[in-house]
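Structure file query_19.txt (compact mmCIF, C-alpha atoms) is printed below.
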# COMPACT_ATOMS: atom_id res chain seq x y z
CA MET A 1142 44.83 225.50 6.36
CA THR A 1143 44.33 223.21 3.41
CA THR A 1144 43.40 224.33 -0.10
CA ALA A 1145 40.69 222.48 -2.01
CA LEU A 1146 43.27 220.88 -4.30
CA GLY A 1147 45.38 219.96 -1.32
CA LYS A 1148 42.37 218.31 0.28
CA ILE A 1149 41.66 216.20 -2.78
CA LYS A 1150 45.30 215.16 -3.08
CA GLY A 1151 45.46 214.41 0.60
CA MET A 1152 48.24 216.88 1.19
CA GLY A 1153 48.45 219.66 3.69
CA SER A 1154 49.38 219.91 7.31
CA ALA A 1155 50.01 216.67 9.12
CA LYS A 1156 50.05 218.68 12.36
CA SER A 1157 53.77 218.22 12.69
CA GLY A 1158 55.07 220.84 10.28
CA THR A 1159 57.61 222.41 12.62
CA SER A 1160 58.68 219.36 14.60
CA HIS A 1161 61.69 218.55 12.39
CA TRP A 1162 63.01 222.09 12.66
CA TRP A 1163 62.17 222.26 16.37
CA MET A 1164 64.02 219.05 17.25
CA GLN A 1165 67.01 220.26 15.21
CA GLN A 1166 67.14 223.35 17.44
CA VAL A 1167 66.50 221.46 20.69
CA THR A 1168 69.25 218.93 20.00
CA ALA A 1169 71.54 221.81 18.96
CA LEU A 1170 70.88 223.56 22.24
CA ALA A 1171 71.69 220.40 24.20
CA LEU A 1172 74.83 219.82 22.13
CA VAL A 1173 76.39 223.23 22.82
CA PRO A 1174 77.39 222.53 26.46
CA LEU A 1175 78.02 218.84 25.69
CA VAL A 1176 80.49 219.72 22.92
CA VAL A 1177 82.33 222.19 25.18
CA TRP A 1178 82.56 219.53 27.90
CA PHE A 1179 83.66 216.83 25.45
CA LEU A 1180 86.37 218.93 23.81
CA VAL A 1181 87.81 220.12 27.14
CA SER A 1182 87.76 216.54 28.46
CA MET A 1183 89.52 215.18 25.38
CA VAL A 1184 92.24 217.83 25.74
CA ALA A 1185 92.63 216.96 29.43
CA LEU A 1186 92.79 213.25 28.53
CA ILE A 1187 95.36 213.64 25.77
CA ASP A 1188 97.79 210.70 25.91
CA ALA A 1189 95.65 209.02 28.61
CA ASP A 1190 96.35 205.28 28.77
CA HIS A 1191 93.60 202.66 28.55
CA ALA A 1192 93.10 202.30 32.31
CA THR A 1193 92.75 206.07 32.77
CA MET A 1194 90.24 206.34 29.94
CA VAL A 1195 88.14 203.44 31.28
CA ALA A 1196 88.20 204.89 34.78
CA TRP A 1197 87.07 208.24 33.43
CA ILE A 1198 84.13 206.75 31.49
CA LYS A 1199 83.18 204.56 34.47
CA ASN A 1200 82.47 207.68 36.47
CA PRO A 1201 78.62 207.71 36.47
CA PHE A 1202 78.49 211.42 35.70
CA VAL A 1203 80.75 210.95 32.68
CA GLY A 1204 78.88 207.83 31.55
CA VAL A 1205 75.55 209.64 31.58
CA LEU A 1206 76.91 212.71 29.78
CA LEU A 1207 78.61 210.58 27.12
CA SER A 1208 75.38 208.61 26.55
CA VAL A 1209 73.33 211.80 26.25
CA PHE A 1210 76.00 213.21 23.94
CA MET A 1211 75.73 210.16 21.66
CA VAL A 1212 71.93 210.33 21.53
CA MET A 1213 71.76 214.08 20.87
CA LEU A 1214 74.62 214.01 18.37
CA PHE A 1215 73.18 211.25 16.21
CA TYR A 1216 69.62 212.57 16.43
CA HIS A 1217 70.92 215.98 15.31
CA LEU A 1218 72.97 214.35 12.55
CA MET A 1219 69.97 212.38 11.30
CA LEU A 1220 67.85 215.53 11.02
CA GLY A 1221 70.68 217.44 9.35
CA VAL A 1222 71.39 214.73 6.79
CA GLN A 1223 67.70 214.59 5.92
CA VAL A 1224 67.65 218.30 5.05
CA VAL A 1225 70.77 217.98 2.90
CA ILE A 1226 69.33 215.03 0.97
CA GLU A 1227 65.95 216.73 0.51
CA ASP A 1228 67.71 219.84 -0.81
CA TYR A 1229 69.91 218.16 -3.38
CA VAL A 1230 68.31 214.87 -4.41
CA HIS A 1231 65.24 215.48 -6.56
CA ASN A 1232 64.56 212.07 -8.01
CA GLU A 1233 61.83 210.68 -5.76
CA LEU A 1234 63.04 207.07 -5.72
CA LEU A 1235 66.67 208.05 -5.22
CA LYS A 1236 65.69 210.50 -2.50
CA MET A 1237 63.63 207.97 -0.58
CA SER A 1238 66.22 205.22 -0.83
CA SER A 1239 69.15 207.44 0.14
CA LEU A 1240 67.15 208.81 3.07
CA ILE A 1241 66.37 205.33 4.33
CA LEU A 1242 69.91 204.06 3.76
CA LEU A 1243 71.53 207.05 5.48
CA LYS A 1244 69.10 207.08 8.39
CA PHE A 1245 69.62 203.35 8.96
CA SER A 1246 73.38 203.84 8.84
CA ILE A 1247 73.28 206.76 11.27
CA ALA A 1248 71.07 204.80 13.67
CA LEU A 1249 73.45 201.84 13.42
CA VAL A 1250 76.58 203.91 14.06
CA GLY A 1251 74.93 205.98 16.79
CA LEU A 1252 73.47 203.03 18.66
CA SER A 1253 76.84 201.27 18.40
CA GLY A 1254 78.49 204.29 20.01
CA LEU A 1255 75.95 204.23 22.82
CA PHE A 1256 76.39 200.48 23.22
CA PHE A 1257 80.19 200.79 23.54
CA ILE A 1258 79.85 203.50 26.19
CA LEU A 1259 77.45 201.29 28.16
CA ARG A 1260 79.78 198.33 27.66
CA ILE A 1261 82.57 200.31 29.33
CA THR A 1262 80.33 201.67 32.07
CA LEU A 1263 78.81 198.29 32.93
CA GLY A 1264 81.94 196.23 32.24
CA SER A 1265 83.92 194.70 35.07
CA MET B 752 59.79 219.35 -13.47
CA SER B 753 59.39 219.75 -17.22
CA HIS B 754 59.31 223.46 -17.97
CA PRO B 755 62.59 223.90 -19.84
CA ASP B 756 61.64 227.28 -21.33
CA ARG B 757 61.11 229.04 -18.07
CA PRO B 758 63.86 231.39 -16.93
CA LEU B 759 66.08 229.96 -14.23
CA SER B 760 66.73 231.86 -11.07
CA PRO B 761 70.32 233.07 -10.91
CA HIS B 762 72.59 230.36 -9.63
CA LEU B 763 75.45 230.52 -7.12
CA GLN B 764 78.17 231.75 -9.46
CA ILE B 765 76.13 234.86 -10.38
CA TYR B 766 76.37 236.38 -6.94
CA LYS B 767 79.25 238.39 -5.57
CA TRP B 768 80.93 236.39 -2.82
CA GLN B 769 80.15 237.63 0.62
CA LEU B 770 80.81 236.51 4.16
CA ASN B 771 77.40 235.07 5.00
CA MET B 772 77.36 232.98 1.88
CA LEU B 773 80.69 231.47 2.86
CA LEU B 774 79.53 230.82 6.43
CA SER B 775 76.28 229.22 5.27
CA ILE B 776 78.14 226.87 2.95
CA LEU B 777 80.75 226.15 5.63
CA HIS B 778 78.01 225.31 8.13
CA ARG B 779 76.68 222.62 5.85
CA ALA B 780 80.12 221.39 4.83
CA THR B 781 81.32 221.13 8.44
CA GLY B 782 78.05 219.46 9.48
CA THR B 783 78.40 216.85 6.74
CA SER B 784 82.06 216.16 7.46
CA LEU B 785 81.35 215.93 11.19
CA GLY B 786 78.77 213.29 10.30
CA ILE B 787 81.57 211.24 8.74
CA GLY B 788 83.78 212.10 11.73
CA THR B 789 81.33 210.38 14.09
CA LEU B 790 82.83 207.14 12.77
CA GLY B 791 86.05 208.19 14.52
CA LEU B 792 84.14 208.90 17.71
CA VAL B 793 82.55 205.45 17.64
CA TRP B 794 85.90 203.86 16.81
CA TRP B 795 87.28 205.54 19.95
CA ALA B 796 84.38 204.21 22.08
CA TRP B 797 84.77 200.74 20.58
CA ALA B 798 88.53 200.74 21.16
CA VAL B 799 88.18 201.75 24.81
CA SER B 800 85.48 199.13 25.37
CA SER B 801 87.50 196.40 23.66
CA GLY B 802 90.63 196.62 25.78
CA PRO B 803 94.19 197.95 25.92
CA GLU B 804 95.29 196.47 22.61
CA ALA B 805 92.48 197.93 20.49
CA TYR B 806 92.93 201.19 22.34
CA ARG B 807 96.66 201.24 21.55
CA THR B 808 95.89 200.80 17.86
CA PHE B 809 93.44 203.69 18.01
CA GLN B 810 95.96 205.83 19.86
CA SER B 811 98.80 205.18 17.45
CA ALA B 812 96.53 206.11 14.54
CA ALA B 813 95.26 209.23 16.32
CA SER B 814 98.73 210.42 17.29
CA HIS B 815 100.24 209.76 13.85
CA PRO B 816 100.88 213.07 12.01
CA VAL B 817 98.17 212.24 9.46
CA GLY B 818 95.77 211.35 12.29
CA GLN B 819 96.61 214.59 14.03
CA ILE B 820 95.88 216.62 10.89
CA ILE B 821 92.53 214.83 10.45
CA LEU B 822 91.70 215.36 14.13
CA PHE B 823 92.65 219.02 13.85
CA GLY B 824 90.29 219.36 10.90
CA PHE B 825 87.44 217.67 12.75
CA SER B 826 88.04 219.76 15.86
CA TYR B 827 87.94 222.94 13.79
CA ALA B 828 84.75 221.77 12.08
CA LEU B 829 83.18 221.00 15.47
CA VAL B 830 84.10 224.38 16.96
CA PHE B 831 82.98 226.24 13.86
CA HIS B 832 79.70 224.33 13.52
CA SER B 833 78.95 224.88 17.23
CA LEU B 834 79.68 228.61 17.17
CA ASN B 835 77.81 229.20 13.93
CA GLY B 836 75.02 226.98 15.28
CA ILE B 837 74.68 229.31 18.26
CA ARG B 838 74.35 232.12 15.73
CA HIS B 839 71.52 230.21 14.08
CA LEU B 840 69.82 229.67 17.44
CA PHE B 841 69.82 233.42 18.08
CA TRP B 842 68.33 234.02 14.63
CA ASP B 843 65.58 231.53 15.44
CA LEU B 844 64.79 233.62 18.51
CA GLY B 845 64.42 236.55 16.13
CA MET B 846 67.60 238.18 17.36
CA GLY B 847 70.62 239.53 15.51
CA PHE B 848 68.99 239.90 12.10
CA GLU B 849 70.20 243.43 11.34
CA LYS B 850 72.58 243.49 8.41
CA LYS B 851 75.37 244.94 10.53
CA THR B 852 74.89 242.43 13.35
CA VAL B 853 74.82 239.50 10.94
CA THR B 854 78.13 240.55 9.41
CA ARG B 855 79.66 241.23 12.80
CA SER B 856 78.57 237.89 14.31
CA GLY B 857 79.77 236.11 11.18
CA ARG B 858 83.18 237.69 11.48
CA ALA B 859 83.25 236.82 15.19
CA VAL B 860 82.45 233.16 14.42
CA LEU B 861 85.21 232.97 11.82
CA ILE B 862 87.85 234.49 14.12
CA LEU B 863 86.72 232.77 17.34
CA SER B 864 86.55 229.32 15.77
CA ALA B 865 90.16 229.61 14.58
CA VAL B 866 91.39 231.04 17.90
CA LEU B 867 89.54 228.46 20.04
CA THR B 868 90.67 225.50 17.94
CA ILE B 869 94.30 226.57 18.00
CA GLY B 870 93.96 227.28 21.73
CA LEU B 871 92.61 223.78 22.39
CA TRP B 872 95.50 222.18 20.53
CA LEU B 873 98.12 224.35 22.20
CA ALA B 874 96.62 223.44 25.59
CA GLY B 875 96.65 219.74 24.69
CA TYR B 876 100.20 219.77 23.37
CA GLN B 877 101.35 221.71 26.42
CA LEU B 878 99.68 219.14 28.71
CA ALA B 879 101.26 216.27 26.81
CA GLY B 880 104.66 217.95 27.05
CA ARG B 881 105.04 218.10 23.27
CA ILE B 882 105.55 221.85 23.42
CA SER B 883 106.43 224.10 26.29
CA LEU B 884 104.80 227.49 26.17
CA PHE B 885 105.72 228.54 29.69
What would the structure in this file look like if it were written as structure tokens?
Amino acid sequence: MTTALGKIKGMGSAKSGTSHWWMQQVTALALVPLVVWFLVSMVALIDADHATMVAWIKNPFVGVLLSVFMVMLFYHLMLGVQVVIEDYVHNELLKMSSLILLKFSIALVGLSGLFFILRITLGS
Amino acid sequence: MSHPDRPLSPHLQIYKWQLNMLLSILHRATGTSLGIGTLGLVWWAWAVSSGPEAYRTFQSAASHPVGQIILFGFSYALVFHSLNGIRHLFWDLGMGFEKKTVTRSGRAVLILSAVLTIGLWLAGYQLAGRISLF
């Protein structure tokens, strides 16, 4: 539903009103078992040397789960950071620039993480 | 917003502190700090992918007492944020909204997150032979 004023100003539903919230929940749901698995694995691998760690990540099952973990984690983080910025930064220019800067940074860090996992998995 | 004469809604310090307020703030605080903590996760992945030497540097930093305290903090934040996140997921299903249930689940999150985190570390230290529980 769009009010007359909303229509004139071009505001109103963009047909994606709940998608941000929905993806936050979907990624959260995926992260619950992934976090349990990751924490238990890290405890089991405490003091593991380099060769052991590489061998573990080279297991295809582990490689896939770690990649999915990276994607879900950073997607979830990006959505979460957006809400925090939108809640506390009210200056429009500052809000937009911090959103872009933070989202770029999160994408950069997240994709790096994914790249390093793949580098181990595909490395000789 | 330029309506300086309008009454302001009561701000945080007006309210009596209660459990759900604390948990809500903690959820955001842990989420934000975990966001910074992802740098550690990526450092770990980079170190493993770079070879034994980079990995050794990572390991010596992670096993240093300061590193261990930081890791303990991040692990607590992760456990707390996950457990309280599950609480949020139930709310989004429309479940557990009764005042009593909310307080009870909040208390459970607070206790469980502490117990689970300490349990994880005890298990790890036991495995590494740094302590011997049995």
What are the nearest atom pairs, with distances in Å to one decimal, for all residues of chain A that come at most 6 Å from chain B, using all atoms listed in the file, set out by chain and rising residue number as CSV?
residue,atom,partner,partner_atom,distance
A:Val1184,CA,B:Gly875,CA,4.9
A:His1191,CA,B:Pro803,CA,5.4
A:Gly1254,CA,B:Val793,CA,4.8
A:Phe1257,CA,B:Trp797,CA,5.5
A:Ile1261,CA,B:Ser800,CA,5.1
(request) Provide the atom CA of Lys1199 of chain A to atom CA of Leu1259 of chain A distance in Å, to one decimal place. (result)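 Value for the atom CA of Lys1199 of chain A-atom CA of Leu1259 of chain A distance: 9.1 Å.
Coordinates place atom CA of Gln1165 of chain A at a distance of 7.5 Å from atom CA of Gly1221 of chain A.
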(message) Rounded to one decimal, what separation in Å do you get between atom CA of Met1211 of chain A and atom CA of Ile1258 of chain A?
(response)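 These two atoms are separated by 9.0 Å.
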(message) My list of candidates is A:Ser1246, A:Trp1197, A:Leu1234, A:Phe1202. Which is closest to Phe1215 of chain A when distances are computed with all atoms listed in the file?
(response)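 Closest to Phe1215 of chain A of all the choices is A:Ser1246.
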(request) Would you mind telling me which residue in A:Leu1207, A:Val1222, A:Asp1188, A:Asp1228 lies nearest to Gly880 of chain B when using only C-alpha atoms? (result) A:Asp1188
(request) Between A:Leu1220, A:Val1203, A:Ile1149, A:Ile1198, single out the one closest to Val1167 of chain A, counting only C-alpha atoms. (result) A:Leu1220
Give, as lines of an AutoDock Vina configuration file, the centre coordinates and the x, y and z edge lengths in Å to one decimal for an axis-aligned box around all listed atoms of segment 857-866 of chain B, padded by 3 Å on each side.
center_x = 85.6
center_y = 233.5
center_z = 14.5
size_x = 17.6
size_y = 14.4
size_z = 12.7
(request) For Val1212 of chain A, please output as a list in words all residues within 10 Å (counting only C-alpha atoms; exclusion window: fewer than 6 positions along the same chain). (result)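 Here the qualifying residues turn out to be Thr1168, Leu1172, Leu1206, Leu1218, Ala1248, Gly1251, Leu1252, Gly1254 and Leu1255 of chain A.
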Only C-alpha atoms, please: the residues just picked out, written as a PDB file, in the frame of the given file.
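Generated file (selection.pdb):
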ATOM      1  CA  THR A1168      69.250 218.930  20.000  1.00  0.00           C
ATOM      2  CA  LEU A1172      74.830 219.820  22.130  1.00  0.00           C
ATOM      3  CA  LEU A1206      76.910 212.710  29.780  1.00  0.00           C
ATOM      4  CA  LEU A1218      72.970 214.350  12.550  1.00  0.00           C
ATOM      5  CA  ALA A1248      71.070 204.800  13.670  1.00  0.00           C
ATOM      6  CA  GLY A1251      74.930 205.980  16.790  1.00  0.00           C
ATOM      7  CA  LEU A1252      73.470 203.030  18.660  1.00  0.00           C
ATOM      8  CA  GLY A1254      78.490 204.290  20.010  1.00  0.00           C
ATOM      9  CA  LEU A1255      75.950 204.230  22.820  1.00  0.00           C
TER      10      LEU A1255
END
